[in-house]
There are 2 protein chains.
Amino acid sequence: MPSILDVAKRAGVAPTTAKRAIHEPHLLAQETLARVRKAIEELGYEPDQVAGGLRRGRTQTLGLMVGNIMEPFFASLVRTIAHAAQSRGYALIVTDSEYDTKVERANLRVLYGHRVSGLIIRSGYGQPNLDYLKRMRERGTYILEIDYFYPDSPFGHVMLDNEGCVFEGVRYLHSLGHRRIATLGSYDPLYHPEERSRSFPKALEAVGLPLIEAYQRVILLTEPEAYKLTLELMRLPEPPTAIFSLNGTEAAGAFRAIKELGLRIPEDVSLLTFDNYSWTALVTPPLDVIEQPVEEMGLAAVEIVLDAVENRTLDKVVRKRFPGRLIKRGSCAPPKHA
Amino acid sequence: MPSILDVAKRAGVAPTTAKRAIHEPHLLAQETLARVRKAIEELGYEPDQVAGGLRRGRTQTLGLMVGNIMEPFFASLVRTIAHAAQSRGYALIVTDSEYDTKVERANLRVLYGHRVSGLIIRSGYGQPNLDYLKRMRERGTYILEIDYFYPDSPFGHVMLDNEGCVFEGVRYLHSLGHRRIATLGSYDPLYHPEERSRSFPKALEAVGLPLIEAYQRVILLTEPEAYKLTLELMRLPEPPTAIFSLNGTEAAGAFRAIKELGLRIPEDVSLLTFDNYSWTALVTPPLDVIEQPVEEMGLAAVEIVLDAVENRTLDKVVRKRFPGRLIKRGSCAPPKHA
DNA sequence: GGTCTATATGGTCACGTGGCCATTACGTCT
DNA sequence: AGACGTAATGGCCACGTGACCATATAGACC
């Protein structure tokens with residue numbers, strides 16, 4: 001494995017001169033530069049980021065922790081962030097918390113062990129690892145939350161305008177004539193410190209609708225739980241005429257349940273969901289969705305992190321919101337017996 | 001950022017003793033060990049993998065390059081591999097080549113720069129980067145290909161039994177009575193050095209069917225190209241009675257095209273596809289698929305790589321095949337005018 | 001009592017780099 | 001001519017660790 005010393009020897013210059021060809025080429029004479037570059041080329045030399053990271057006290061490495069990479073939202077984030085990081089010369093260490101506090105902690109240890117310069121994290125609920133994150137920041141890692149943030153979080157974040165989107169969704173359903181609207185999973189301070197379910201009652205209130213107690217359930221926002229809840233809701237004496245799914249994963253469960261019950265969308269029940277996952281356009285009928293600008297959010301996150309890292313402004317707290325976009329495809333219509 | 005020196009100082013022992021508490025605790029007296037551990041705990045010390053990697057000459061880092069992380073096959077791989085790596089104390093650097101040779105090369109540079117100990121790679125077609133990979137191996141990185149491998153590749157790989165799956169798929173369609181079967185994308189030595197499209201003519205031959213020239217097209221295996229090709233195929237005077245999609249991404253395009261033409265599945269055309277993506281069970285009708293054991297493949301890949309890395313057997317070449325599984329859901333039926 | 005062995009602990013150095021300071025050559029200004 | 005400035009190059013060392021070698025203590029053995 002050739003080092004800069006080998007390059008220097010081959011080019012017939014001192015090590016210091018050789019490495020200037022990489023970092024400060026303007027300091028070298030044309031001819032010297034060419035000679036060193038030739039040696040680099042011939043040897044296939046590539047700077048050792050491990051050694052550089054040690055010496056610099058700062059690695060060219062970012063960390064990303066997602067909740068579940070199988071969700072297209074997170075897959076897209078990984079793709080965008082990995083690409084942006086790599087184009088700036090940073091490598092991206094990706095971890096998946098599976099929304100599990102213990103897994104998250106284990107992953108954080110590995111990330112800290114590798115001394116990532118920055119960490120973009122979609123943390124799980126609750127705050128068992130907040131202290132660990134704070135210590136990481138004290139020790140030089142810039143922390144940025146994405147898609148969710150701890151209550152009273154001291155870190156910056158990149159978020160969807162969840163409240164605005166919920167309001168828009170509810171307004172849309174209300175304008176179609178719906179009066180019995182249900183979300184899949186209700187706000188619970190213990191289980192869902194989550195903006196979407198928390199905004200829903202406010203949104204109902206804003207259009208003058210009551211929150212229907214019979215629809216309130218505390219569930220995990222997963223496919224199987226959404227499936228079960230949808231079955232339950234649609235079997236009520238007064239089932240909802242519209243279901244508002246809080247994410248694309250839930251929507252799959254709701255869709256499956258509705259089909260299984262032999263109900264038609266939108267004739268028997270309207271379905272609106274967060275996340276423009278590709279399958280939502282393929283099913284019958286294609287679903288109305290609220291799309292997140294995932295790529296913009298990922299790029300913004302990288303910008304914020306690298307800006308802070310490279311300018312040594314680790315205390316800088318940036319909080320950014322992105323608007324969603326309602327796409328109508330036909331899964332929402334006026335209720336039958338409006 | 002506390003180092004092992006700080007730990008030693010706090011515990012009142014020599015640095016060497018302190019680090020033995022981590023790597024060789026059996027050498028220490030009970031009481032000394034307890035004292036050092038207490039100091040580690042109190043300081044929140046975590047070994048610096050950057051420094052360790054430099055000294056050791058080998059990092060606790062693996063690299064993974066996928067073709068497109070938005071494809072659930074790859075997302076699942078990332079998840080499985082990241083998890084397995086992290087449980088062994090390795091961090092995983094994830095990159096996405098977008099099936100682009102230049103992007104792939106840039107990513108390889110970053111991975112090499114970070115001196116990953118092992119690399120699991122789903123390379124793009126063609127071999128412009130094969131030499132670079134060979135040099136990486138010479139310099140200590142263990143390379144394992146997954147899902148695809150270079151012709152004459154000197155590396156090991158983890159693969160689906162593509163030929164067996166194509167044969168099974170064709171046998172299945174043939175047994176239903178189909179005589180006009182088309183794949184989406186035909187084998188072309190330049191564009192598709194790819195096992196599935198290459199096996200298809202052989203599989204037809206095995207059941208005594210001719211390869212229909214009118215269906216042969218060289219396309220990229222993407223959603224838009226599959227969409228366009230499906231439109232073309234179904235508008236032929238003698239359209240196929242069954243379409244065999246070579247991956248889940250293509251299937252989405254084919255499905256979209258079939259729906260758009262107002263054709264019914266399976267009455268007007270049967271559809272069979274590789275990859276059990278979750279949307280395939282949600283559409284109407286749910287699709288017949290050939291499922292890959294993605295998690296097993298990912299775990300096997302990590303085993304192979306870490307085994308070679310930790311036992312310094314970088315020249316060991318392991319080649320492993322996994323069987324697929326045909327799942328019938330109703331998108332394939334006998335053709336109308338058999 | 002001296003030698004041996006096992007147990008427990010300590011000391012030293014290099015991995016490849018980047019930051020910093022030092023040196024040389026040569027032209028310009030007063 | 002001497003002082004000075006600039007361009008170009010060189011030398012040295014520490015980052016935190018792990019490998020390797022060295023030392024100290026105490027009990028066992030003859």
# chains A, B, ... in the order shown; residues from 1 in each chain; ligands from 1
$ residues_around --residues "range 217-229 of chain A" --least-positions-apart "3" --cutoff "6 Å" --atoms "only C-alpha atoms (C1' of nucleotides)" --output "PyMOL selection string"
chain A and resi 185-186+232+249-250+253-254+257
$ write_last_selection --atoms "C-alpha atoms" --output "compact mmCIF listing (two decimals), in the first residue's frame"
# COMPACT_ATOMS: atom_id res chain seq x y z
CA GLY A 185 -52.96 5.81 15.25
CA SER A 186 -53.93 8.64 17.54
CA GLU A 232 -61.67 -2.65 13.42
CA THR A 249 -46.19 2.00 5.50
CA GLU A 250 -49.48 2.33 7.33
CA GLY A 253 -51.92 -2.08 5.79
CA ALA A 254 -55.03 0.04 5.44
CA ALA A 257 -57.63 -4.39 5.04
$ residues_around --residues "Leu43 in chain B" --least-positions-apart "4" --cutoff "8 Å" --atoms "only C-alpha atoms (C1' of nucleotides)" --output "PyMOL selection string"
chain B and resi 2+7+39
$ closest_atom_pairs --of "chain B" --to "chain A" --cutoff "8 Å" --atoms "only C-alpha atoms" --output "CSV"
residue,atom,partner,partner_atom,distance
B:Met1,CA,A:Arg139,CA,5.5
B:Glu46,CA,A:Gly113,CA,6.0
B:Pro47,CA,A:Gly113,CA,6.0
B:Asp48,CA,A:Gly113,CA,5.3
B:Gln49,CA,A:His114,CA,5.1
B:Val50,CA,A:Val50,CA,5.6
B:Ala51,CA,A:Leu54,CA,5.8
B:Gly53,CA,A:Val50,CA,6.8
B:Leu54,CA,A:Ala51,CA,5.8
B:Ile69,CA,A:Ala75,CA,6.2
B:Met70,CA,A:Ala75,CA,5.7
B:Pro72,CA,A:Met70,CA,6.6
B:Ala75,CA,A:Met70,CA,5.7
B:Ser76,CA,A:Met70,CA,6.2
B:Val78,CA,A:Ile69,CA,7.9
B:Arg79,CA,A:Ile69,CA,6.4
B:Ala82,CA,A:Thr95,CA,6.1
B:His83,CA,A:Asp96,CA,7.3
B:Gln86,CA,A:Asn107,CA,6.9
B:Gly89,CA,A:Val110,CA,6.8
B:Tyr90,CA,A:Val110,CA,7.4
B:Ala91,CA,A:Val110,CA,6.5
B:Leu92,CA,A:Ile93,CA,5.4
B:Ile93,CA,A:Ile93,CA,4.3
B:Val94,CA,A:Val94,CA,6.1
B:Thr95,CA,A:Ala82,CA,6.1
B:Asp96,CA,A:Arg79,CA,6.6
B:Ala106,CA,A:Gln86,CA,8.0
B:Asn107,CA,A:Gln86,CA,6.9
B:Arg109,CA,A:Glu46,CA,7.6
B:Val110,CA,A:Ala91,CA,6.5
B:Leu111,CA,A:Ala91,CA,7.3
B:Tyr112,CA,A:Glu46,CA,7.5
B:Gly113,CA,A:Asp48,CA,5.3
B:His114,CA,A:Gln49,CA,5.1
B:Arg115,CA,A:Asp48,CA,7.1
B:Arg139,CA,A:Met1,CA,5.5
B:Ala252,CA,A:Leu282,CA,7.6
B:Phe255,CA,A:Leu282,CA,7.6
B:Arg256,CA,A:Leu282,CA,6.5
B:Trp279,CA,A:Trp279,CA,5.5
B:Leu282,CA,A:Arg256,CA,6.6
B:Val283,CA,A:Val283,CA,4.8
B:Thr284,CA,A:Thr284,CA,6.8
$ select_by_dssp --residues "range 107-256 of chain A" --states "strand (DSSP E)" --output "NGL selection string"
:A and (118-121 or 142-146 or 156-160 or 181-183 or 242-245)
$ interface_residues --of "chain D" --to "chain A" --cutoff "12 Å" --atoms "only C-alpha atoms (C1' of nucleotides)" --output "list of chain:residue names"
D:DT6, D:DA7, D:DA8, D:DT9, D:DG10, D:DG11, D:DC12, D:DC13, D:DA14, D:DC15, D:DG16, D:DT17
$ closest_residue --among "B:Arg180, B:Leu299, B:Glu145, B:Leu211" --to "Leu236 in chain B" --atoms "only C-alpha atoms"
B:Arg180
$ closest_atom_pairs --of "chain C" --to "chain B" --cutoff "9 Å" --atoms "only C-alpha atoms (C1' of nucleotides)" --output "CSV"
residue,atom,partner,partner_atom,distance
C:DT7,C1',B:Leu27,CA,8.1
C:DA8,C1',B:Leu28,CA,6.5
C:DT9,C1',B:Thr17,CA,6.5
C:DG10,C1',B:Ala14,CA,6.1
C:DG11,C1',B:Thr16,CA,8.5
C:DA14,C1',B:Arg55,CA,7.8
C:DC15,C1',B:Arg55,CA,4.6
C:DG16,C1',B:Leu54,CA,7.7
$ write_last_selection --atoms "N, CA, C and O atoms (P, O5', C5', C4', C3', O3' and C1' of nucleotides)" --output "JSON list (two decimals), in the first residue's frame"
[["chain", "number", "residue", "atom", "x", "y", "z"],
["C", 7, "DT", "P", -0.41, -18.31, 35.79],
["C", 7, "DT", "O5'", -0.43, -16.90, 36.49],
["C", 7, "DT", "C5'", -0.29, -16.81, 37.90],
["C", 7, "DT", "C4'", -0.13, -15.36, 38.29],
["C", 7, "DT", "C3'", -1.07, -14.40, 37.56],
["C", 7, "DT", "O3'", -1.74, -13.62, 38.52],
["C", 7, "DT", "C1'", 1.15, -13.62, 37.45],
["C", 8, "DA", "P", -2.90, -12.60, 38.13],
["C", 8, "DA", "O5'", -2.06, -11.26, 38.00],
["C", 8, "DA", "C5'", -1.45, -10.71, 39.16],
["C", 8, "DA", "C4'", -0.67, -9.49, 38.75],
["C", 8, "DA", "C3'", -1.46, -8.47, 37.92],
["C", 8, "DA", "O3'", -1.51, -7.26, 38.65],
["C", 8, "DA", "C1'", 0.70, -8.84, 37.00],
["C", 9, "DT", "P", -2.32, -6.01, 38.11],
["C", 9, "DT", "O5'", -1.16, -5.21, 37.35],
["C", 9, "DT", "C5'", -0.08, -4.69, 38.13],
["C", 9, "DT", "C4'", 1.02, -4.22, 37.22],
["C", 9, "DT", "C3'", 0.68, -3.05, 36.31],
["C", 9, "DT", "O3'", 1.22, -1.88, 36.88],
["C", 9, "DT", "C1'", 2.12, -4.65, 35.29],
["C", 10, "DG", "P", 0.99, -0.46, 36.18],
["C", 10, "DG", "O5'", 2.32, -0.30, 35.33],
["C", 10, "DG", "C5'", 3.58, -0.47, 35.96],
["C", 10, "DG", "C4'", 4.69, -0.36, 34.93],
["C", 10, "DG", "C3'", 4.56, 0.85, 33.99],
["C", 10, "DG", "O3'", 5.77, 1.59, 34.03],
["C", 10, "DG", "C1'", 4.92, -1.15, 32.75],
["C", 11, "DG", "P", 5.90, 2.96, 33.24],
["C", 11, "DG", "O5'", 6.74, 2.57, 31.95],
["C", 11, "DG", "C5'", 7.93, 1.80, 32.10],
["C", 11, "DG", "C4'", 8.62, 1.67, 30.75],
["C", 11, "DG", "C3'", 8.58, 2.93, 29.88],
["C", 11, "DG", "O3'", 9.85, 3.08, 29.25],
["C", 11, "DG", "C1'", 7.57, 1.12, 28.71],
["C", 14, "DA", "P", 10.13, 3.61, 15.74],
["C", 14, "DA", "O5'", 9.04, 3.15, 14.67],
["C", 14, "DA", "C5'", 8.72, 1.77, 14.52],
["C", 14, "DA", "C4'", 7.34, 1.65, 13.91],
["C", 14, "DA", "C3'", 7.07, 2.61, 12.75],
["C", 14, "DA", "O3'", 6.34, 1.92, 11.76],
["C", 14, "DA", "C1'", 5.50, 2.99, 14.48],
["C", 15, "DC", "P", 6.28, 2.46, 10.28],
["C", 15, "DC", "O5'", 4.73, 2.53, 10.02],
["C", 15, "DC", "C5'", 3.91, 1.37, 10.15],
["C", 15, "DC", "C4'", 2.47, 1.81, 10.26],
["C", 15, "DC", "C3'", 2.14, 3.00, 9.36],
["C", 15, "DC", "O3'", 1.57, 2.51, 8.15],
["C", 15, "DC", "C1'", 1.21, 3.23, 11.59],
["C", 16, "DG", "P", 2.19, 3.01, 6.74],
["C", 16, "DG", "O5'", 1.49, 4.42, 6.57],
["C", 16, "DG", "C5'", 0.10, 4.47, 6.31],
["C", 16, "DG", "C4'", -0.36, 5.91, 6.36],
["C", 16, "DG", "C3'", 0.34, 6.84, 5.35],
["C", 16, "DG", "O3'", -0.67, 7.59, 4.70],
["C", 16, "DG", "C1'", 0.52, 7.72, 7.55]]
$ select_by_dssp --residues "range 66-312 of chain B" --states "alpha helix (DSSP H)" --output "ChimeraX atom specification"
/B:72-87,101-113,130-138,162-175,195-206,223-234,248-260,294-310
$ residues_around --residues "DC29 in chain C" --least-positions-apart "5" --cutoff "12 Å" --atoms "only C-alpha atoms (C1' of nucleotides)" --output "ChimeraX atom specification"
/D:1-5
$ residues_around --residues "Ile327 in chain A" --least-positions-apart "4" --cutoff "10 Å" --atoms "only C-alpha atoms (C1' of nucleotides)" --output "PyMOL selection string"
chain A and resi 272-273+276+287-291
$ residues_around --residues "Phe167 in chain A" --least-positions-apart "6" --cutoff "12 Å" --atoms "only C-alpha atoms (C1' of nucleotides)" --output "PyMOL selection string"
chain A and resi 161+173-175+195-207+244+290+323-324+326
$ atom_distance --atom1 "CA of Glu41 in chain A" --atom2 "CA of Val317 in chain B"
29.3 Å
$ residues_around --residues "range 308-312 of chain B" --least-positions-apart "6" --cutoff "7 Å" --atoms "only C-alpha atoms (C1' of nucleotides)" --output "list of chain:residue names"
B:Ser117, B:Gly118, B:Tyr142
$ decode --residues "range 149-169 of chain A" --atoms "N, CA and C atoms" --output "compact mmCIF listing (two decimals), in the first residue's frame"
# COMPACT_ATOMS: atom_id res chain seq x y z
N PHE A 149 -37.88 14.94 15.88
CA PHE A 149 -36.87 15.42 16.83
C PHE A 149 -37.36 15.25 18.25
N TYR A 150 -36.41 15.07 19.12
CA TYR A 150 -36.72 14.92 20.54
C TYR A 150 -37.41 16.17 21.06
N PRO A 151 -38.39 15.99 21.94
CA PRO A 151 -38.93 17.16 22.63
C PRO A 151 -37.78 17.86 23.36
N ASP A 152 -37.73 19.16 23.29
CA ASP A 152 -36.66 19.93 23.93
C ASP A 152 -35.28 19.56 23.39
N SER A 153 -35.24 19.09 22.17
CA SER A 153 -33.95 18.74 21.60
C SER A 153 -33.05 19.95 21.46
N PRO A 154 -31.79 19.81 21.83
CA PRO A 154 -30.86 20.92 21.65
C PRO A 154 -30.27 20.95 20.25
N PHE A 155 -30.65 20.00 19.41
CA PHE A 155 -30.04 19.90 18.09
C PHE A 155 -30.91 20.55 17.02
N GLY A 156 -30.30 20.80 15.89
CA GLY A 156 -31.05 21.29 14.76
C GLY A 156 -31.81 20.14 14.10
N HIS A 157 -32.67 20.48 13.15
CA HIS A 157 -33.38 19.41 12.46
C HIS A 157 -33.85 19.84 11.07
N VAL A 158 -34.20 18.83 10.29
CA VAL A 158 -34.80 19.02 8.98
C VAL A 158 -36.11 18.25 9.00
N MET A 159 -37.20 18.96 8.81
CA MET A 159 -38.52 18.35 9.01
C MET A 159 -39.48 18.70 7.89
N LEU A 160 -40.44 17.82 7.71
CA LEU A 160 -41.59 18.16 6.89
C LEU A 160 -42.48 19.09 7.71
N ASP A 161 -43.22 19.95 7.03
CA ASP A 161 -44.20 20.77 7.73
C ASP A 161 -45.41 19.89 8.03
N ASN A 162 -45.24 19.04 9.03
CA ASN A 162 -46.27 18.03 9.30
C ASN A 162 -47.63 18.64 9.61
N GLU A 163 -47.62 19.65 10.45
CA GLU A 163 -48.90 20.25 10.83
C GLU A 163 -49.60 20.83 9.61
N GLY A 164 -48.85 21.54 8.79
CA GLY A 164 -49.44 22.11 7.59
C GLY A 164 -50.03 21.04 6.68
N CYS A 165 -49.33 19.93 6.56
CA CYS A 165 -49.81 18.85 5.69
C CYS A 165 -51.08 18.21 6.25
N VAL A 166 -51.09 18.00 7.56
CA VAL A 166 -52.28 17.40 8.16
C VAL A 166 -53.48 18.34 7.98
N PHE A 167 -53.23 19.62 8.18
CA PHE A 167 -54.32 20.58 7.98
C PHE A 167 -54.82 20.54 6.54
N GLU A 168 -53.90 20.50 5.61
CA GLU A 168 -54.31 20.49 4.21
C GLU A 168 -55.10 19.22 3.87
N GLY A 169 -54.62 18.09 4.39
CA GLY A 169 -55.33 16.84 4.15
C GLY A 169 -56.73 16.85 4.71
